[in-house]
Amino acid sequence: MTGVVERNALWSDDQRRAAVEVARQAGSLGVVRLSFPDQHGVLRGKTIVAAELAGAFRNGCTVPSSLLAKDISHRTVFPVFTRGGGFEMPEMEGAADLLLVPDPLSFRALPWAPHSGWLLCDLHFADGRAVPFATRQLCRRVLDGLNQRGYDYVAGLEVECHIFKLQDRPLTPGDAGQPGVPPEVNLLTTGYQLLSEARYDSYDEIFEILRQPIEALGLPLRSLEVEFGPSQVEFTFRPGSNLEPADTMVLFRSAVKQICRRHGYHASFMCRPRLANIFSSGWHLHQSLRDRRSGANAFVPEHPAEPLSLLGRQFLAGLLRHAPASAAFATPTINGYRRYRPYTLAPDRAIWGRDNRGVMVRVLGGPGDPASRIENRIGEPAANPYLYMASQIALGVDGVDSALDPGPPADTPYEAAAPALPRSLGEALEALRGNETLHHAFGAGFINYFIHIKEAELARFEQEVSEWEHREYFDLF
């Protein structure tokens with residue numbers, strides 16, 4: 001009797017071949033973690049004993065559909081027990097089951113938990129249809145459209161984060177909540193010493209704790225760097241193509257947090273932690289397109305006076321034109337908008353420049369340079385990589401289809417006349433709500449779904465009394 005995967009042709013030939021080898025390797029393991037990236041880019045799923053993997057390969061593994069109804073605090077913000085479950089879809093009613101279908105090509109053994117295997121999964125309904133709110137599949141769909149045009153998407157990652165030493169204290173019942181009380185931490189360094197050799201040596205212990213398992217996991221790690229702020233570091237990765245960079249990002253973030261916790265550290269990809277003298281973290285996304293027939297970088301300019309090919313310039317212009325809407329996916333948290341400040345190595349307006357770290361989009365390379373690319377500096381490390389990258393592709397392609405011109409580069413990016421980036425998540429969501437290009441690329445249903453979840457997050461934030469308000473008004477009035 002055939003299973004759901006075979007009956008609905010959910011795997012490619014490459015996946016079917018890979019499943020045979022994965023099943024062999026899994027025989028020496030104790031458990032396999034089946035994980036999917038949720039709407040926030042957080043890995044969720046189930047852990048099965050290795051003997052059950054064959055069944056998961058045939059029929060998937062069930063998880064409740066309510067996982068897709070949760071905001072970032074894990075609160076369910078859709079009425080899942082009403083007709084249509086708040087999604088206007090009978091399949092989502094009553095927290096009904098969805099299927100995690102493992103991707104055998106993603107298999108990895110976990111170096112820090114050697115009894116464990118790790119498989120990324122895609123979400124399907126019981127009849128084999130793809131779940132429209134699954135972000136990895138959404139990204140793959142956008143990539144398929146680009147591939148059909150004759151291009152591969154190529155991306156390299158520069159990811160900043162903070163690593164702290166955990167204070168050892170017991171958790172009390174009062175610490176629980178949605179969300180719970182954040183951990184108490186100490187700095188590893190006081191900063192500010194960008195790329196200081198002495199500072200690197202003080203990080204050497206934690207860098208080695210991280211480097212070895214990250215490389216053993218097969219992630220294309222390139223460098224480990226001392227960033228500007230106290231307890232702030234940066235990791236860079238070699239370029240990958242199509243879905244690989246997004247998979248790298250979710251696996252990397254999860255791995256770093258798990259490894260650090262096991263060794264008494266706390267890693268945070270939050271943009272701007274509320275700690276004294278902390279510096280904001282960003283996620284710089286290096287991008288180009290590769291011609292599928294020739295294998296050549298399609299952004300390399302032919303004329304010495306041009307920073308990019310015509311295709312590259314038009315792609316860049318699309319990112320600038322749609323910058324306010326793209327911010328909703330590049331910077332999807334309330335906290336991330338604390339970073340858009342002038343003269344802080346972060347952008348505050350939609351503008352580009354040649355090798356200038358103050359612009360939104362930095363152009364690197366030139367004639368004859370196969371590494372010619374654009375670096376979008378708008379993102380935060382907490383972004384869902386599938387939505388971030390898919391939105392970049394859709395908006396860049398719109399620039400190509402519309403034959404847009406990015407205009408002249410900015411030499412003084414914080415003084416140039418250019419549209420401001422959104423000052424808040426609410427502003428970004430309003431821009432997204434009115435963006436026809438992203439509605440077409442992602443589907444209106446997904447855009448409305450995403451906005452609903454993020455507006456629930458905003459509503460909770462606006463109901464809180466901040467420390468600033470208490471300090472400002474409590475004693476004065």
# chains A, B, ... in the order shown; residues from 1 in each chain; ligands from 1

call {"tool": "select_by_dssp", "arguments": {"residues": "region 130-233 of chain A", "states": "strand (DSSP E)", "output": "VMD selection string"}}
result
chain A and resid 151 to 166 185 to 186 221 to 226 232 to 233

call {"tool": "write_last_selection", "arguments": {"atoms": "C-alpha atoms", "output": "compact mmCIF listing (two decimals), in the first residue's frame"}}
result
# COMPACT_ATOMS: atom_id res chain seq x y z
CA TYR A 151 18.35 32.33 -13.17
CA ASP A 152 19.47 30.92 -9.85
CA TYR A 153 19.36 33.07 -6.74
CA VAL A 154 22.75 33.34 -5.03
CA ALA A 155 23.07 34.70 -1.49
CA GLY A 156 25.77 35.06 1.14
CA LEU A 157 25.01 35.80 4.79
CA GLU A 158 26.54 38.24 7.29
CA VAL A 159 24.78 37.70 10.60
CA GLU A 160 25.38 39.70 13.77
CA CYS A 161 24.24 38.57 17.20
CA HIS A 162 25.04 38.89 20.89
CA ILE A 163 26.50 36.14 23.05
CA PHE A 164 26.35 36.49 26.83
CA LYS A 165 27.33 34.40 29.82
CA LEU A 166 24.25 33.01 31.51
CA VAL A 185 23.15 37.50 31.60
CA ASN A 186 26.62 38.98 31.94
CA LEU A 221 30.91 29.04 7.67
CA ARG A 222 33.49 31.53 6.40
CA SER A 223 34.49 33.79 9.31
CA LEU A 224 33.97 34.52 13.01
CA GLU A 225 34.37 38.20 13.81
CA VAL A 226 34.40 40.62 16.70
CA GLN A 232 28.50 41.34 19.91
CA VAL A 233 29.88 39.01 17.22

call {"tool": "select_by_dssp", "arguments": {"residues": "region 196-444 of chain A", "states": "helix (DSSP H, G or I)", "output": "number ranges by chain"}}
result
A: 197-216, 244-262, 310-321, 323-330, 335-338, 385-401, 425-433, 436-442, 444

call {"tool": "write_last_selection", "arguments": {"atoms": "C-alpha atoms", "output": "compact mmCIF listing (two decimals), in the first residue's frame"}}
result
# COMPACT_ATOMS: atom_id res chain seq x y z
CA GLU A 197 42.69 40.88 17.90
CA ALA A 198 42.73 41.05 21.69
CA ARG A 199 38.94 40.92 21.76
CA TYR A 200 38.94 37.93 19.40
CA ASP A 201 41.18 36.05 21.82
CA SER A 202 38.73 36.73 24.65
CA TYR A 203 36.00 35.17 22.49
CA ASP A 204 38.17 32.25 21.42
CA GLU A 205 36.65 29.74 23.84
CA ILE A 206 33.05 30.33 22.75
CA PHE A 207 34.04 30.67 19.09
CA GLU A 208 35.64 27.21 19.20
CA ILE A 209 32.65 25.77 21.03
CA LEU A 210 30.55 27.02 18.12
CA ARG A 211 32.87 26.62 15.12
CA GLN A 212 33.46 22.89 15.35
CA PRO A 213 29.81 21.74 15.41
CA ILE A 214 28.71 24.38 12.88
CA GLU A 215 31.30 23.11 10.40
CA ALA A 216 30.49 19.50 11.27
CA GLU A 244 20.27 26.63 0.58
CA PRO A 245 21.02 30.06 2.16
CA ALA A 246 17.61 30.21 3.86
CA ASP A 247 18.02 26.68 5.22
CA THR A 248 21.51 27.63 6.40
CA MET A 249 20.13 30.60 8.34
CA VAL A 250 17.42 28.71 10.25
CA LEU A 251 19.76 25.83 11.07
CA PHE A 252 22.54 28.22 12.11
CA ARG A 253 20.35 30.28 14.44
CA SER A 254 18.90 27.23 16.10
CA ALA A 255 22.29 25.52 16.39
CA VAL A 256 23.97 28.55 17.96
CA LYS A 257 21.24 28.93 20.58
CA GLN A 258 21.29 25.23 21.44
CA ILE A 259 25.08 24.93 21.63
CA CYS A 260 25.45 28.09 23.69
CA ARG A 261 22.79 27.01 26.17
CA ARG A 262 24.52 23.66 26.69
CA LEU A 310 21.51 46.31 -16.63
CA LEU A 311 19.75 43.35 -15.01
CA GLY A 312 21.50 44.06 -11.72
CA ARG A 313 20.64 47.76 -11.79
CA GLN A 314 16.99 47.03 -12.50
CA PHE A 315 16.89 44.40 -9.74
CA LEU A 316 18.40 46.96 -7.35
CA ALA A 317 15.85 49.56 -8.40
CA GLY A 318 13.05 47.15 -7.54
CA LEU A 319 14.40 46.77 -4.01
CA LEU A 320 14.52 50.55 -3.57
CA ARG A 321 11.05 51.13 -5.00
CA ALA A 323 11.67 49.20 0.40
CA PRO A 324 8.85 50.20 2.81
CA ALA A 325 6.87 47.01 2.13
CA SER A 326 9.96 44.80 2.10
CA ALA A 327 10.82 46.00 5.61
CA ALA A 328 7.90 44.00 7.00
CA PHE A 329 9.76 40.79 6.04
CA ALA A 330 13.35 42.03 6.47
CA ASN A 335 12.37 45.92 18.26
CA GLY A 336 14.11 45.83 14.87
CA TYR A 337 13.03 49.37 14.01
CA ARG A 338 15.22 50.71 16.84
CA PRO A 385 14.93 33.92 5.99
CA TYR A 386 12.42 32.32 3.64
CA LEU A 387 10.22 35.43 3.65
CA TYR A 388 13.18 37.83 3.58
CA MET A 389 14.77 36.15 0.55
CA ALA A 390 11.52 35.45 -1.29
CA SER A 391 10.51 39.10 -0.93
CA GLN A 392 13.89 40.24 -2.27
CA ILE A 393 13.50 38.04 -5.32
CA ALA A 394 9.91 39.11 -6.03
CA LEU A 395 10.66 42.82 -5.66
CA GLY A 396 13.93 42.66 -7.59
CA VAL A 397 12.24 40.83 -10.46
CA ASP A 398 9.52 43.50 -10.48
CA GLY A 399 12.28 46.06 -11.00
CA VAL A 400 13.50 44.05 -14.00
CA ASP A 401 10.02 43.64 -15.47
CA LEU A 425 6.52 47.79 12.31
CA GLY A 426 3.06 49.32 11.97
CA GLU A 427 4.26 51.59 9.14
CA ALA A 428 5.89 48.64 7.39
CA LEU A 429 2.70 46.57 7.63
CA GLU A 430 0.69 49.41 6.11
CA ALA A 431 3.13 49.54 3.19
CA LEU A 432 2.88 45.77 2.82
CA ARG A 433 -0.91 45.91 2.87
CA GLU A 436 0.50 44.69 -5.22
CA THR A 437 3.78 43.02 -6.17
CA LEU A 438 4.05 41.09 -2.90
CA HIS A 439 0.33 40.28 -2.94
CA HIS A 440 0.82 38.72 -6.36
CA ALA A 441 4.05 36.87 -5.45
CA PHE A 442 2.98 35.53 -2.05
CA ALA A 444 -3.25 37.79 -0.86

call {"tool": "closest_residue", "arguments": {"among": "A:His470, A:Gly45, A:Leu275, A:Gly218", "to": "Pro111 (chain A)", "atoms": "only C-alpha atoms"}}
result
A:Gly218

call {"tool": "residues_around", "arguments": {"residues": "region 343-360 of chain A", "least_positions_apart": "3", "cutoff": "10 Å", "atoms": "only C-alpha atoms", "output": "PDB file with C-alpha atoms, in the first residue's frame"}}
result
ATOM      1  CA  PHE A 279      24.708  48.113  19.880  1.00  0.00           C
ATOM      2  CA  SER A 280      22.061  46.974  17.365  1.00  0.00           C
ATOM      3  CA  SER A 281      22.621  43.811  15.311  1.00  0.00           C
ATOM      4  CA  GLY A 282      21.847  43.515  11.613  1.00  0.00           C
ATOM      5  CA  HIS A 284      23.311  41.899   5.706  1.00  0.00           C
ATOM      6  CA  PRO A 307      28.519  49.296 -11.097  1.00  0.00           C
ATOM      7  CA  LEU A 316      18.404  46.956  -7.353  1.00  0.00           C
ATOM      8  CA  ALA A 317      15.850  49.560  -8.400  1.00  0.00           C
ATOM      9  CA  LEU A 319      14.396  46.774  -4.006  1.00  0.00           C
ATOM     10  CA  LEU A 320      14.523  50.549  -3.571  1.00  0.00           C
ATOM     11  CA  ARG A 321      11.051  51.130  -5.000  1.00  0.00           C
ATOM     12  CA  HIS A 322       9.454  48.605  -2.654  1.00  0.00           C
ATOM     13  CA  ALA A 323      11.675  49.201   0.396  1.00  0.00           C
ATOM     14  CA  PRO A 324       8.850  50.203   2.808  1.00  0.00           C
ATOM     15  CA  TYR A 337      13.035  49.374  14.008  1.00  0.00           C
ATOM     16  CA  ARG A 339      18.099  50.058  14.424  1.00  0.00           C
ATOM     17  CA  TYR A 340      17.089  52.405  11.592  1.00  0.00           C
ATOM     18  CA  VAL A 363      26.970  47.596  -4.452  1.00  0.00           C
ATOM     19  CA  LEU A 364      30.202  45.591  -4.539  1.00  0.00           C
ATOM     20  CA  GLY A 365      32.332  44.376  -7.438  1.00  0.00           C
ATOM     21  CA  GLY A 366      32.565  45.669 -10.986  1.00  0.00           C
ATOM     22  CA  ILE A 374      24.342  43.836  -4.002  1.00  0.00           C
ATOM     23  CA  GLU A 375      24.310  43.832  -0.204  1.00  0.00           C
ATOM     24  CA  ASN A 376      20.971  44.741   1.334  1.00  0.00           C
ATOM     25  CA  ARG A 377      21.590  46.095   4.825  1.00  0.00           C
ATOM     26  CA  ILE A 378      17.934  46.497   5.795  1.00  0.00           C
ATOM     27  CA  GLY A 379      17.464  43.166   7.582  1.00  0.00           C
ATOM     28  CA  PRO A 406      17.914  53.069  -9.427  1.00  0.00           C
ATOM     29  CA  GLY A 407      19.176  56.609 -10.034  1.00  0.00           C
ATOM     30  CA  PRO A 408      22.598  57.883  -8.958  1.00  0.00           C
ATOM     31  CA  PRO A 409      24.459  56.456  -5.968  1.00  0.00           C
ATOM     32  CA  ALA A 410      24.651  58.316  -2.667  1.00  0.00           C
ATOM     33  CA  ASP A 411      27.986  59.513  -1.342  1.00  0.00           C
ATOM     34  CA  THR A 412      26.372  61.019   1.785  1.00  0.00           C
ATOM     35  CA  PRO A 413      23.570  58.549   2.517  1.00  0.00           C
ATOM     36  CA  TYR A 414      22.302  60.188   5.701  1.00  0.00           C
ATOM     37  CA  GLU A 415      21.882  63.532   3.965  1.00  0.00           C
ATOM     38  CA  ALA A 416      20.625  62.442   0.526  1.00  0.00           C
ATOM     39  CA  ALA A 417      17.049  63.109  -0.565  1.00  0.00           C
ATOM     40  CA  ALA A 418      15.419  59.673  -0.568  1.00  0.00           C
ATOM     41  CA  PRO A 419      12.284  58.036   0.860  1.00  0.00           C
ATOM     42  CA  ALA A 420      12.614  57.202   4.555  1.00  0.00           C
ATOM     43  CA  LEU A 421      12.421  53.610   5.699  1.00  0.00           C
ATOM     44  CA  PRO A 422       9.476  52.807   7.976  1.00  0.00           C
ATOM     45  CA  ARG A 423       9.924  54.060  11.517  1.00  0.00           C
TER      46      ARG A 423
END

call {"tool": "residues_around", "arguments": {"residues": "His452 (chain A)", "least_positions_apart": "4", "cutoff": "10 Å", "atoms": "only C-alpha atoms", "output": "list of chain:residue names"}}
result
A:Ala69, A:Asp71, A:Val77, A:Phe78, A:Leu429, A:Phe446, A:Ile447, A:Asn448, A:Ala456, A:Glu457, A:Leu458

call {"tool": "closest_residue", "arguments": {"among": "A:Leu243, A:Val42, A:Leu119, A:Ala54", "to": "Arg141 (chain A)", "atoms": "only C-alpha atoms"}}
result
A:Leu243

call {"tool": "closest_residue", "arguments": {"among": "A:Gly240, A:Gly84, A:Pro304, A:Pro132", "to": "Tyr449 (chain A)", "atoms": "only C-alpha atoms"}}
result
A:Pro132

call {"tool": "atom_distance", "arguments": {"atom1": "CA of Ala23 (chain A)", "atom2": "CA of Arg44 (chain A)"}}
result
21.9 Å

call {"tool": "atom_distance", "arguments": {"atom1": "CA of Leu29 (chain A)", "atom2": "CA of Val49 (chain A)"}}
result
8.4 Å

call {"tool": "residues_around", "arguments": {"residues": "Gly86 (chain A)", "least_positions_apart": "3", "cutoff": "12 Å", "atoms": "only C-alpha atoms", "output": "list in words"}}
result
Ser65, Ser66, Leu68, Ala69, Lys70, Thr76, Val77, Phe78, Pro79, Val80, Phe81, Thr82, Arg83, Met89, Pro90, Glu91, Met92, Glu93, Gly94, Ala95, Gly445, Asn448, Tyr449, His452 and Ile453 of chain A

call {"tool": "write_last_selection", "arguments": {"atoms": "C-alpha atoms", "output": "mmCIF file, in the first residue's frame"}}
result
data_model
loop_
_atom_site.group_PDB
_atom_site.id
_atom_site.type_symbol
_atom_site.label_atom_id
_atom_site.label_comp_id
_atom_site.auth_asym_id
_atom_site.auth_seq_id
_atom_site.Cartn_x
_atom_site.Cartn_y
_atom_site.Cartn_z
ATOM 1 C CA SER A 65 -2.421 23.228 12.555
ATOM 2 C CA SER A 66 -2.664 25.697 15.461
ATOM 3 C CA LEU A 68 0.456 28.328 12.283
ATOM 4 C CA ALA A 69 -2.000 30.403 14.317
ATOM 5 C CA LYS A 70 0.529 31.656 16.861
ATOM 6 C CA THR A 76 -2.896 31.525 19.349
ATOM 7 C CA VAL A 77 -4.264 34.637 17.619
ATOM 8 C CA PHE A 78 -6.739 32.988 15.228
ATOM 9 C CA PRO A 79 -10.084 31.553 16.411
ATOM 10 C CA VAL A 80 -9.133 27.975 15.568
ATOM 11 C CA PHE A 81 -12.286 26.466 17.105
ATOM 12 C CA THR A 82 -14.658 28.432 14.881
ATOM 13 C CA ARG A 83 -15.817 27.522 11.375
ATOM 14 C CA MET A 89 -10.261 26.861 5.501
ATOM 15 C CA PRO A 90 -12.068 23.777 6.873
ATOM 16 C CA GLU A 91 -8.715 21.958 7.043
ATOM 17 C CA MET A 92 -7.553 24.416 9.723
ATOM 18 C CA GLU A 93 -10.587 24.093 12.014
ATOM 19 C CA GLY A 94 -10.251 22.754 15.537
ATOM 20 C CA ALA A 95 -6.432 22.640 15.507
ATOM 21 C CA GLY A 445 -4.200 35.056 1.607
ATOM 22 C CA ASN A 448 -3.409 38.969 5.141
ATOM 23 C CA TYR A 449 -2.399 36.050 7.361
ATOM 24 C CA HIS A 452 -2.967 39.568 11.188
ATOM 25 C CA ILE A 453 -0.268 37.819 13.229
#

call {"tool": "closest_residue", "arguments": {"among": "A:Arg58, A:Arg108, A:Arg24, A:Lys46", "to": "Gly3 (chain A)", "atoms": "only C-alpha atoms"}}
result
A:Arg58

call {"tool": "atom_distance", "arguments": {"atom1": "CA of Trp11 (chain A)", "atom2": "CA of Cys121 (chain A)"}}
result
11.5 Å
